[in-house]
Every structure is written in C-alpha cells, then in structure tokens.
Amino acid sequence: MAQETSEAPVLSLRGVSKRFGAVAALTDIDLDVHAGEIVALVGDNGAGKSTLVKVLAGAHAPTAGEIFFDGEKVTIDGPSRAIELGIATVFQDLALCDNMSVVENLFLGRELSPWAVDDVSMEVEAWGLLRQLSAKIPSVRIPIAALSGGQRQTVAIARSLLGKPKLIMLDEPTAALGVAQTAEVLNLVERLRENGLAVIMISHNMADVQAVADRVAVLRLGRNNGIFDARTTSGDELVAAITGASDNVVTQRATRVSSRNEGEQS
C-alpha cells in the first residue's frame, strides 16, 4: 500500500490556529505529511478542513502557529507563495473551462511560449503528464465538456503537476462520482503517492479513505481529534472520532498509533 516514508516530513504544522473575529475556525493544529504518503483529512461539516486547506494554499493567513516545509519555517502569505514552495491544490469545483480542450485547460495561463501558443510542445507535455498518471483520456484535443467526472478530475490533477509540486491537496476528489469513476480517481491518487508526492486528501467517504490513505487525520470543532493508521483502524472508530461519540477510545487508539510511530523512528 504505502511506500516507506522519508524521515523528515515535507509539511509540518505546529499549533496552527485561525480566527475570524470571535470565531475560532482552527485551534492548535499539528500535522505531519511525508513524501510518498497519503494523509486523509476528515471531519464533520464545520470541523475546519476547508479552512486548513485554504491556510496551506495561501488564501487565509494563520492567526498563530508555525508551518514548516522541507524542514524550513515558512510564511505562506498568498497563493503564489504556496505554488512557489511546491504546494498545489485541486479544489472541488476543479475550475475547468468546458468549452476548451484538455491541453488548453492544462496550460491555461501557463502557455510554453510567451509570444504564441506552441501546440506541438504543449501536446507532448500534456501526454507526458497523463501517462505519468496512467490516465484514461482518449485525446488531449477533446473538449472538457465531453469528459466524464473522473476524467475531469484527472485533468485538474494533471494541471496541478505542471508546477512540479511536492505536496498536492485534493478537496473531495471522488464527490458525486459513480463507482467506476471513483475507482479511476482513487487509482490516480495512488499514482501520486508512487511518484513520491505528499498528498492530503479531504473526503467524507470512509471507504475511499481506507482504500488509499496511509494515515487519517481527524478534525473536530477545529481541533485535532486523533491521527490514525488507515490500515488498522475501523470505519466505526473513525466515525467515533469525527462525531466525538467515543473520545476516550479515540484518544487511546491515537496514542497507540503515535507511540508505535515513535518506536519505529527510534
């Protein structure tokens, strides 16, 4: 399932908080994500998942806490800074233009030549990106409107790879997809891990989470509520952590996972 993760995480959050006036959206969030690892970020509506992703994408500035990327303390003061660091985000709306082709969507705003559209070079690079993901796209000249939901998600993820990121955040990548399309997207997420990328995947679907994730980070009411080994944690335990139905069990299980990880590193 997972590759052996590197010792130093690509991303580390320490005590990250975000307030909107009197409302605390995030409080003292800690999180590590390694290269070659998929961390699922789960929680009920209002748990803080989207706020955390927007902090990492540069859309919101944290109120407190520290962010480390590749071992260096960083300030993400805007989307361009996030991209510069190597953080790519694929939001749920995908932001694709239906009337444009796959290759045009991939390079929209990033044309290889500043003076003219270099169709041949862009097509070659587009096919290279899609092959890297083992994508099932019939043609890079086909309009986005003619693609399935899974294929659209593939194009959005491929576009995020153009900046050669080290961390990719996926916001509900399988939402509203059928069974076959969901399987296609989950295979794509696994390709990202196999290519050595760090992946944060937001999802409400516990089956999808347990199918591909290495670890599951649960947020509840804007706070950490456990980090779990996806291979050994049941769906019921994850739901209990999300809802707070059994906080004692959650705390005990999360402590065991943390202790085991510390033992492996010692």
# chains A, B, ... in the order shown; residues from 1 in each chain; ligands from 1
>>> select_by_dssp(residues="stretch 21-250 of chain A", states="strand (DSSP E or B)", output="ChimeraX atom specification")
/A:23-33,37-42,64-69,72-74,87-90,101,143,167-171,198-202,215-220,223-229
>>> select_by_dssp(residues="stretch 48-233 of chain A", states="helix (DSSP H, G or I)", output="short mmCIF file (atom, residue, chain, number, x, y, z; two decimals) with C-alpha atoms, in the first residue's frame")
data_model
loop_
_atom_site.label_atom_id
_atom_site.label_comp_id
_atom_site.auth_asym_id
_atom_site.auth_seq_id
_atom_site.Cartn_x
_atom_site.Cartn_y
_atom_site.Cartn_z
CA LYS A 49 -10.92 21.03 6.95
CA SER A 50 -11.52 23.64 4.27
CA THR A 51 -10.06 26.40 6.43
CA LEU A 52 -6.87 24.39 6.94
CA VAL A 53 -6.52 23.74 3.21
CA LYS A 54 -7.04 27.44 2.48
CA VAL A 55 -4.34 28.33 5.02
CA LEU A 56 -1.90 25.99 3.26
CA ALA A 57 -2.98 27.25 -0.18
CA PRO A 79 -1.40 31.56 -3.37
CA SER A 80 1.70 32.43 -5.41
CA ARG A 81 3.89 31.72 -2.38
CA ALA A 82 2.23 28.33 -1.88
CA ILE A 83 2.88 27.44 -5.52
CA GLU A 84 6.47 28.70 -5.26
CA LEU A 85 7.07 26.40 -2.27
CA VAL A 102 -7.82 19.11 -22.36
CA VAL A 103 -4.50 20.59 -23.48
CA GLU A 104 -5.88 24.14 -23.42
CA ASN A 105 -7.12 23.64 -19.86
CA LEU A 106 -3.80 22.14 -18.77
CA ASP A 119 0.57 23.48 -29.80
CA VAL A 120 3.07 20.71 -30.51
CA SER A 121 5.18 21.18 -27.36
CA MET A 122 2.10 21.54 -25.17
CA GLU A 123 0.56 18.38 -26.57
CA VAL A 124 3.78 16.44 -25.98
CA GLU A 125 3.99 17.63 -22.37
CA ALA A 126 0.27 17.02 -21.85
CA TRP A 127 0.58 13.39 -22.94
CA GLY A 128 3.62 13.02 -20.70
CA LEU A 129 1.65 14.23 -17.67
CA LEU A 130 -1.30 11.97 -18.45
CA ARG A 131 0.94 8.92 -18.96
CA GLN A 132 2.62 9.67 -15.62
CA ILE A 144 -13.67 19.11 -21.30
CA ALA A 145 -17.46 19.04 -21.72
CA ALA A 146 -17.16 15.61 -23.38
CA GLY A 149 -16.42 13.29 -13.94
CA GLY A 150 -13.44 11.05 -13.29
CA GLN A 151 -11.66 12.24 -16.42
CA ARG A 152 -12.25 15.87 -15.44
CA GLN A 153 -10.70 15.19 -12.04
CA THR A 154 -7.74 13.64 -13.85
CA VAL A 155 -7.24 16.78 -15.95
CA ALA A 156 -7.40 19.01 -12.86
CA ILE A 157 -4.82 16.90 -11.04
CA ALA A 158 -2.57 16.73 -14.11
CA ARG A 159 -2.71 20.53 -14.37
CA SER A 160 -1.53 20.82 -10.76
CA LEU A 161 1.58 18.79 -11.63
CA LEU A 162 2.84 21.37 -14.12
CA GLY A 163 4.48 23.33 -11.31
CA VAL A 179 -18.38 3.55 -8.78
CA ALA A 180 -16.19 3.16 -11.87
CA GLN A 181 -15.18 6.81 -11.92
CA THR A 182 -14.38 6.73 -8.20
CA ALA A 183 -12.09 3.73 -8.72
CA GLU A 184 -10.37 5.60 -11.56
CA VAL A 185 -9.71 8.64 -9.38
CA LEU A 186 -8.50 6.56 -6.42
CA ASN A 187 -6.04 4.80 -8.72
CA LEU A 188 -4.87 8.24 -9.80
CA VAL A 189 -4.33 9.30 -6.18
CA GLU A 190 -2.23 6.18 -5.64
CA ARG A 191 -0.13 7.11 -8.69
CA LEU A 192 0.67 10.41 -6.98
CA ARG A 193 2.00 8.53 -3.95
CA GLU A 194 4.00 6.16 -6.15
CA MET A 206 -14.69 6.43 4.72
CA ALA A 207 -14.48 3.61 2.17
CA ASP A 208 -12.40 5.81 -0.15
CA VAL A 209 -10.25 6.96 2.77
CA GLN A 210 -9.50 3.41 3.89
CA ALA A 211 -8.87 2.30 0.30
CA VAL A 212 -5.93 4.62 -0.35
#
>>> residues_around(residues="stretch 215-221 of chain A", least_positions_apart="4", cutoff="10 Å", atoms="only C-alpha atoms", output="CSV table (one decimal) with all heavy atoms, in the first residue's frame")
chain,number,residue,atom,x,y,z
A,2,ALA,N,1.5,1.6,1.1
A,2,ALA,CA,2.3,2.8,1.2
A,2,ALA,C,3.8,2.4,1.0
A,2,ALA,O,4.2,1.4,1.3
A,2,ALA,CB,2.1,3.4,2.5
A,24,ALA,N,-13.3,30.8,16.4
A,24,ALA,CA,-12.1,30.1,16.2
A,24,ALA,C,-12.3,28.9,15.2
A,24,ALA,O,-13.0,27.9,15.6
A,24,ALA,CB,-11.6,29.5,17.6
A,25,ALA,N,-11.9,29.1,14.0
A,25,ALA,CA,-12.1,28.0,13.0
A,25,ALA,C,-11.1,26.9,13.1
A,25,ALA,O,-11.4,25.7,12.9
A,25,ALA,CB,-11.9,28.6,11.6
A,26,LEU,N,-9.8,27.2,13.6
A,26,LEU,CA,-8.8,26.2,13.8
A,26,LEU,C,-8.1,26.6,15.1
A,26,LEU,O,-7.8,27.8,15.4
A,26,LEU,CB,-7.7,26.2,12.7
A,26,LEU,CG,-8.2,25.8,11.3
A,26,LEU,CD1,-7.1,26.0,10.3
A,26,LEU,CD2,-8.7,24.3,11.3
A,27,THR,N,-7.8,25.6,15.9
A,27,THR,CA,-7.1,25.8,17.2
A,27,THR,C,-6.0,24.8,17.4
A,27,THR,O,-6.3,23.6,17.5
A,27,THR,CB,-8.1,25.7,18.4
A,27,THR,OG1,-9.2,26.6,18.2
A,27,THR,CG2,-7.4,26.0,19.7
A,29,ILE,N,-3.5,23.3,15.6
A,29,ILE,CA,-3.5,22.1,14.7
A,29,ILE,C,-2.0,21.7,14.5
A,29,ILE,O,-1.2,22.5,14.2
A,29,ILE,CB,-4.1,22.4,13.4
A,29,ILE,CG1,-5.6,22.8,13.5
A,29,ILE,CG2,-3.9,21.2,12.4
A,29,ILE,CD1,-6.4,21.7,14.1
A,30,ASP,N,-1.8,20.4,14.8
A,30,ASP,CA,-0.5,19.8,14.5
A,30,ASP,C,-0.7,18.7,13.4
A,30,ASP,O,-1.7,18.0,13.4
A,30,ASP,CB,0.1,19.1,15.7
A,30,ASP,CG,0.6,20.1,16.8
A,30,ASP,OD1,0.7,21.2,16.5
A,30,ASP,OD2,0.7,19.6,18.0
A,31,LEU,N,0.2,18.7,12.4
A,31,LEU,CA,0.1,17.7,11.4
A,31,LEU,C,1.4,17.5,10.6
A,31,LEU,O,2.1,18.5,10.4
A,31,LEU,CB,-1.0,18.1,10.3
A,31,LEU,CG,-1.2,17.2,9.2
A,31,LEU,CD1,-1.9,15.9,9.6
A,31,LEU,CD2,-2.1,17.9,8.1
A,32,ASP,N,1.8,16.3,10.3
A,32,ASP,CA,3.0,16.0,9.5
A,32,ASP,C,2.5,15.2,8.3
A,32,ASP,O,1.7,14.3,8.4
A,32,ASP,CB,4.0,15.1,10.3
A,32,ASP,CG,4.7,15.9,11.4
A,32,ASP,OD1,4.8,17.2,11.3
A,32,ASP,OD2,5.1,15.3,12.4
A,33,VAL,N,3.1,15.5,7.1
A,33,VAL,CA,2.8,14.8,5.9
A,33,VAL,C,4.2,14.5,5.2
A,33,VAL,O,5.0,15.5,5.0
A,33,VAL,CB,1.9,15.6,4.9
A,33,VAL,CG1,1.6,14.7,3.8
A,33,VAL,CG2,0.6,16.0,5.7
A,37,GLU,N,3.3,9.7,0.8
A,37,GLU,CA,2.3,9.3,1.8
A,37,GLU,C,1.0,10.1,1.5
A,37,GLU,O,1.0,11.2,1.1
A,37,GLU,CB,2.8,9.7,3.2
A,37,GLU,CG,1.8,9.5,4.3
A,37,GLU,CD,2.2,10.0,5.6
A,37,GLU,OE1,2.8,11.1,5.7
A,37,GLU,OE2,1.9,9.3,6.6
A,38,ILE,N,-0.1,9.3,1.7
A,38,ILE,CA,-1.4,9.9,1.5
A,38,ILE,C,-2.0,10.1,2.9
A,38,ILE,O,-2.2,9.1,3.6
A,38,ILE,CB,-2.4,9.1,0.7
A,38,ILE,CG1,-1.8,8.9,-0.7
A,38,ILE,CG2,-3.8,9.7,0.6
A,38,ILE,CD1,-2.6,7.9,-1.6
A,39,VAL,N,-2.3,11.3,3.3
A,39,VAL,CA,-2.9,11.6,4.6
A,39,VAL,C,-4.3,12.1,4.3
A,39,VAL,O,-4.5,13.1,3.6
A,39,VAL,CB,-2.2,12.7,5.4
A,39,VAL,CG1,-3.0,13.0,6.7
A,39,VAL,CG2,-0.8,12.1,5.8
A,40,ALA,N,-5.3,11.3,4.8
A,40,ALA,CA,-6.7,11.8,4.6
A,40,ALA,C,-7.1,12.7,5.7
A,40,ALA,O,-6.8,12.5,6.9
A,40,ALA,CB,-7.7,10.5,4.6
A,41,LEU,N,-7.7,13.8,5.4
A,41,LEU,CA,-8.2,14.8,6.3
A,41,LEU,C,-9.7,14.7,6.4
A,41,LEU,O,-10.4,15.0,5.4
A,41,LEU,CB,-7.7,16.2,5.9
A,41,LEU,CG,-8.0,17.4,6.8
A,41,LEU,CD1,-7.2,17.2,8.1
A,41,LEU,CD2,-7.6,18.7,6.2
A,42,VAL,N,-10.2,14.3,7.5
A,42,VAL,CA,-11.6,14.0,7.7
A,42,VAL,C,-12.2,14.8,8.8
A,42,VAL,O,-11.5,15.2,9.8
A,42,VAL,CB,-11.9,12.5,7.8
A,42,VAL,CG1,-11.3,11.7,6.6
A,42,VAL,CG2,-11.4,12.0,9.1
A,43,GLY,N,-13.5,14.9,8.8
A,43,GLY,CA,-14.2,15.6,9.9
A,43,GLY,C,-15.6,16.0,9.4
A,43,GLY,O,-15.9,16.1,8.2
A,44,ASP,N,-16.5,16.3,10.4
A,44,ASP,CA,-17.8,16.7,10.0
A,44,ASP,C,-17.8,18.1,9.4
A,44,ASP,O,-16.8,18.8,9.4
A,44,ASP,CB,-18.7,16.7,11.3
A,44,ASP,CG,-20.1,16.4,11.0
A,44,ASP,OD1,-20.5,16.5,9.8
A,44,ASP,OD2,-20.9,16.1,12.0
A,45,ASN,N,-19.0,18.5,8.9
A,45,ASN,CA,-19.1,19.9,8.3
A,45,ASN,C,-18.8,20.9,9.4
A,45,ASN,O,-19.3,20.7,10.6
A,45,ASN,CB,-20.5,20.1,7.8
A,45,ASN,CG,-20.8,19.3,6.6
A,45,ASN,OD1,-19.9,18.9,5.8
A,45,ASN,ND2,-22.1,19.0,6.3
A,46,GLY,N,-17.9,21.9,9.1
A,46,GLY,CA,-17.5,22.9,10.1
A,46,GLY,C,-16.4,22.4,11.0
A,46,GLY,O,-16.0,23.2,11.9
A,47,ALA,N,-15.8,21.3,10.7
A,47,ALA,CA,-14.6,20.8,11.5
A,47,ALA,C,-13.4,21.6,11.3
A,47,ALA,O,-12.4,21.6,12.1
A,47,ALA,CB,-14.4,19.3,11.3
A,48,GLY,N,-13.3,22.3,10.2
A,48,GLY,CA,-12.1,23.1,9.9
A,48,GLY,C,-11.2,22.6,8.7
A,48,GLY,O,-10.2,23.2,8.4
A,49,LYS,N,-11.7,21.6,8.0
A,49,LYS,CA,-10.9,21.0,7.0
A,49,LYS,C,-10.6,22.0,5.8
A,49,LYS,O,-9.5,22.2,5.4
A,49,LYS,CB,-11.6,19.8,6.4
A,49,LYS,CG,-12.0,18.7,7.4
A,49,LYS,CD,-12.7,17.6,6.7
A,49,LYS,CE,-13.9,17.9,5.9
A,49,LYS,NZ,-15.0,18.4,6.8
A,52,LEU,N,-8.3,24.8,6.9
A,52,LEU,CA,-6.9,24.4,6.9
A,52,LEU,C,-6.3,24.3,5.5
A,52,LEU,O,-5.1,24.8,5.3
A,52,LEU,CB,-6.8,23.0,7.6
A,52,LEU,CG,-5.4,22.5,7.8
A,52,LEU,CD1,-4.5,23.4,8.5
A,52,LEU,CD2,-5.4,21.1,8.5
A,200,ILE,N,-2.5,15.3,0.6
A,200,ILE,CA,-3.6,15.5,1.6
A,200,ILE,C,-4.9,15.3,0.9
A,200,ILE,O,-5.1,16.1,-0.1
A,200,ILE,CB,-3.5,16.8,2.3
A,200,ILE,CG1,-2.2,16.9,3.1
A,200,ILE,CG2,-4.7,17.1,3.2
A,200,ILE,CD1,-2.0,18.3,3.8
A,201,MET,N,-5.7,14.4,1.3
A,201,MET,CA,-7.0,14.2,0.6
A,201,MET,C,-8.1,14.4,1.6
A,201,MET,O,-8.3,13.7,2.6
A,201,MET,CB,-7.1,12.7,0.1
A,201,MET,CG,-8.4,12.5,-0.7
A,201,MET,SD,-8.4,10.8,-1.4
A,201,MET,CE,-8.9,9.8,0.1
A,202,ILE,N,-9.0,15.4,1.3
A,202,ILE,CA,-10.2,15.7,2.1
A,202,ILE,C,-11.3,14.8,1.6
A,202,ILE,O,-11.5,14.7,0.3
A,202,ILE,CB,-10.6,17.1,2.0
A,202,ILE,CG1,-9.6,18.0,2.6
A,202,ILE,CG2,-12.0,17.3,2.7
A,202,ILE,CD1,-9.9,19.5,2.6
A,206,MET,N,-15.6,7.2,4.0
A,206,MET,CA,-14.7,6.4,4.7
A,206,MET,C,-14.1,5.3,3.9
A,206,MET,O,-13.0,4.8,4.1
A,206,MET,CB,-15.4,5.9,6.0
A,206,MET,CG,-15.6,7.0,7.0
A,206,MET,SD,-14.2,7.9,7.6
A,206,MET,CE,-14.4,9.4,6.6
A,209,VAL,N,-11.4,6.6,1.9
A,209,VAL,CA,-10.2,7.0,2.8
A,209,VAL,C,-9.5,5.7,3.1
A,209,VAL,O,-8.2,5.6,3.0
A,209,VAL,CB,-10.8,7.6,4.1
A,209,VAL,CG1,-9.7,7.6,5.1
A,209,VAL,CG2,-11.2,9.0,3.8
A,210,GLN,N,-10.2,4.6,3.5
A,210,GLN,CA,-9.5,3.4,3.9
A,210,GLN,C,-8.9,2.7,2.7
A,210,GLN,O,-8.0,1.8,2.9
A,210,GLN,CB,-10.5,2.5,4.7
A,210,GLN,CG,-10.8,3.1,6.0
A,210,GLN,CD,-11.7,2.3,6.9
A,210,GLN,OE1,-12.9,2.1,6.5
A,210,GLN,NE2,-11.2,1.7,8.0
A,225,ASN,N,-8.4,15.6,16.5
A,225,ASN,CA,-9.1,14.6,17.3
A,225,ASN,C,-8.6,13.2,17.0
A,225,ASN,O,-9.3,12.3,17.0
A,225,ASN,CB,-10.6,14.7,17.2
A,225,ASN,CG,-11.3,14.1,18.4
A,225,ASN,OD1,-10.9,14.3,19.5
A,225,ASN,ND2,-12.4,13.4,18.1
A,226,GLY,N,-7.3,13.2,16.7
A,226,GLY,CA,-6.6,11.9,16.5
A,226,GLY,C,-6.0,11.7,15.1
A,226,GLY,O,-6.6,12.3,14.2
A,227,ILE,N,-4.9,11.0,15.1
A,227,ILE,CA,-4.3,10.6,13.8
A,227,ILE,C,-4.2,9.1,13.8
A,227,ILE,O,-3.5,8.6,14.7
A,227,ILE,CB,-2.9,11.3,13.6
A,227,ILE,CG1,-3.2,12.9,13.5
A,227,ILE,CG2,-2.3,10.8,12.3
A,227,ILE,CD1,-1.9,13.7,13.4
A,228,PHE,N,-4.7,8.5,12.8
A,228,PHE,CA,-4.9,7.0,12.9
A,228,PHE,C,-4.2,6.3,11.7
A,228,PHE,O,-4.1,6.9,10.6
A,228,PHE,CB,-6.4,6.7,12.8
A,228,PHE,CG,-7.2,7.3,13.9
A,228,PHE,CD1,-7.7,8.6,13.8
A,228,PHE,CD2,-7.3,6.7,15.1
A,228,PHE,CE1,-8.4,9.2,14.8
A,228,PHE,CE2,-8.0,7.3,16.2
A,228,PHE,CZ,-8.6,8.6,16.0
A,229,ASP,N,-3.8,5.1,11.9
A,229,ASP,CA,-3.3,4.2,10.9
A,229,ASP,C,-4.5,3.7,10.1
A,229,ASP,O,-5.3,3.0,10.6
A,229,ASP,CB,-2.5,3.1,11.5
A,229,ASP,CG,-1.7,2.2,10.4
A,229,ASP,OD1,-2.3,2.1,9.3
A,229,ASP,OD2,-0.7,1.7,10.8
A,230,ALA,N,-4.5,4.1,8.8
A,230,ALA,CA,-5.7,3.7,8.0
A,230,ALA,C,-5.8,2.2,7.8
A,230,ALA,O,-6.9,1.7,7.6
A,230,ALA,CB,-5.6,4.4,6.6
A,231,ARG,N,-4.7,1.4,7.9
A,231,ARG,CA,-4.7,0.0,7.7
A,231,ARG,C,-5.3,-0.8,8.9
A,231,ARG,O,-5.8,-1.9,8.7
A,231,ARG,CB,-3.3,-0.5,7.4
A,231,ARG,CG,-2.7,0.0,6.1
A,231,ARG,CD,-1.2,-0.1,6.1
A,231,ARG,NE,-0.6,0.7,7.1
A,231,ARG,CZ,0.7,0.9,7.2
A,231,ARG,NH1,1.5,0.2,6.4
A,231,ARG,NH2,1.2,1.7,8.1
A,232,THR,N,-5.2,-0.2,10.1
A,232,THR,CA,-5.6,-0.9,11.3
A,232,THR,C,-6.8,-0.3,12.0
A,232,THR,O,-7.2,-0.8,13.1
A,232,THR,CB,-4.4,-1.0,12.2
A,232,THR,OG1,-3.9,0.3,12.6
A,232,THR,CG2,-3.2,-1.8,11.6
A,233,THR,N,-7.3,0.8,11.5
A,233,THR,CA,-8.4,1.5,12.2
A,233,THR,C,-9.7,1.2,11.4
A,233,THR,O,-9.8,1.3,10.2
A,233,THR,CB,-8.2,3.0,12.2
A,233,THR,OG1,-6.9,3.2,12.8
A,233,THR,CG2,-9.2,3.7,13.0
A,238,LEU,N,-13.2,5.6,13.2
A,238,LEU,CA,-13.1,6.9,12.5
A,238,LEU,C,-14.3,7.7,12.7
A,238,LEU,O,-14.2,8.9,13.0
A,238,LEU,CB,-12.7,6.7,11.0
A,238,LEU,CG,-11.4,6.1,10.7
A,238,LEU,CD1,-11.2,5.9,9.2
A,238,LEU,CD2,-10.2,6.9,11.2
A,239,VAL,N,-15.5,7.1,12.5
A,239,VAL,CA,-16.7,7.8,12.7
A,239,VAL,C,-16.9,8.3,14.2
A,239,VAL,O,-17.3,9.4,14.4
A,239,VAL,CB,-17.9,7.0,12.3
A,239,VAL,CG1,-19.2,7.6,12.7
A,239,VAL,CG2,-17.9,6.7,10.8
A,241,ALA,N,-14.4,9.2,16.1
A,241,ALA,CA,-13.5,10.3,16.2
A,241,ALA,C,-14.1,11.6,15.6
A,241,ALA,O,-14.0,12.7,16.1
A,241,ALA,CB,-12.2,10.0,15.6
A,242,ILE,N,-14.8,11.4,14.5
A,242,ILE,CA,-15.4,12.5,13.8
A,242,ILE,C,-16.5,13.1,14.6
A,242,ILE,O,-16.7,14.3,14.7
A,242,ILE,CB,-15.9,12.1,12.4
A,242,ILE,CG1,-14.7,11.7,11.5
A,242,ILE,CG2,-16.8,13.1,11.7
A,242,ILE,CD1,-15.0,11.0,10.2
A,243,THR,N,-17.3,12.3,15.2
A,243,THR,CA,-18.5,12.7,15.9
A,243,THR,C,-18.3,13.0,17.3
A,243,THR,O,-19.1,13.6,18.0
A,243,THR,CB,-19.7,11.7,15.8
A,243,THR,OG1,-19.2,10.5,16.4
A,243,THR,CG2,-20.0,11.4,14.3
A,244,GLY,N,-17.2,12.5,17.9
A,244,GLY,CA,-16.9,12.6,19.3
A,244,GLY,C,-17.7,11.7,20.1
A,244,GLY,O,-17.9,11.8,21.3
A,254,ALA,N,-5.4,6.7,19.2
A,254,ALA,CA,-4.4,7.7,18.6
A,254,ALA,C,-3.1,7.6,19.3
A,254,ALA,O,-2.0,7.8,18.7
A,254,ALA,CB,-5.0,9.1,18.7
A,257,VAL,N,-1.1,4.6,18.1
A,257,VAL,CA,-0.5,4.9,16.8
A,257,VAL,C,0.7,5.8,16.9
A,257,VAL,O,1.8,5.5,16.4
A,257,VAL,CB,-1.5,5.5,15.8
A,257,VAL,CG1,-0.8,6.0,14.6
A,257,VAL,CG2,-2.6,4.5,15.5
>>> atom_distance(atom1="atom CA of A:Gln92", atom2="atom CA of A:Ala59")
15.2 Å
>>> atom_distance(atom1="atom CA of A:Ala8", atom2="atom CA of A:Ala35")
8.7 Å
>>> closest_residue(among="A:Ile168, A:Ile67, A:Ala61, A:Ile142", to="A:Phe91", atoms="only C-alpha atoms")
A:Ile168
>>> closest_atom_pairs(of="stretch 33-69 of chain A", to="stretch 10-18 of chain A", cutoff="7 Å", atoms="only C-alpha atoms", output="Markdown table")
| residue | atom | partner | partner_atom | distance |
| --- | --- | --- | --- | --- |
| A:Val33 | CA | A:Leu11 | CA | 5.2 |
| A:His34 | CA | A:Val10 | CA | 5.1 |
| A:Ala35 | CA | A:Val10 | CA | 6.1 |
| A:Pro62 | CA | A:Lys18 | CA | 5.0 |
| A:Thr63 | CA | A:Lys18 | CA | 4.7 |
| A:Ala64 | CA | A:Ser17 | CA | 5.0 |
| A:Gly65 | CA | A:Val16 | CA | 3.9 |
| A:Glu66 | CA | A:Arg14 | CA | 5.2 |
| A:Ile67 | CA | A:Leu13 | CA | 4.8 |
| A:Phe68 | CA | A:Ser12 | CA | 5.0 |
| A:Phe69 | CA | A:Leu11 | CA | 4.8 |
>>> write_last_selection(atoms="C-alpha atoms", output="PDB file, in the first residue's frame")
ATOM      1  CA  VAL A  33       2.846  14.793   5.911  1.00  0.00           C
ATOM      2  CA  HIS A  34       5.724  12.863   4.320  1.00  0.00           C
ATOM      3  CA  ALA A  35       6.753  12.319   0.721  1.00  0.00           C
ATOM      4  CA  PRO A  62      -2.977  31.731  10.094  1.00  0.00           C
ATOM      5  CA  THR A  63      -3.608  33.641  13.292  1.00  0.00           C
ATOM      6  CA  ALA A  64      -0.982  31.667  15.205  1.00  0.00           C
ATOM      7  CA  GLY A  65       1.342  28.689  14.879  1.00  0.00           C
ATOM      8  CA  GLU A  66       4.221  27.615  12.665  1.00  0.00           C
ATOM      9  CA  ILE A  67       4.393  25.992   9.223  1.00  0.00           C
ATOM     10  CA  PHE A  68       7.480  24.086   8.123  1.00  0.00           C
ATOM     11  CA  PHE A  69       8.041  22.990   4.523  1.00  0.00           C
TER      12      PHE A  69
END
>>> closest_residue(among="A:Ser203, A:Asn99, A:Gly71, A:Pro138", to="A:Glu172", atoms="only C-alpha atoms")
A:Ser203
>>> atom_distance(atom1="atom CA of A:Ala240", atom2="atom CA of A:Arg223")
14.9 Å
>>> closest_residue(among="A:Leu167, A:Ala176, A:Glu7, A:Cys97", to="A:Leu197", atoms="only C-alpha atoms")
A:Leu167
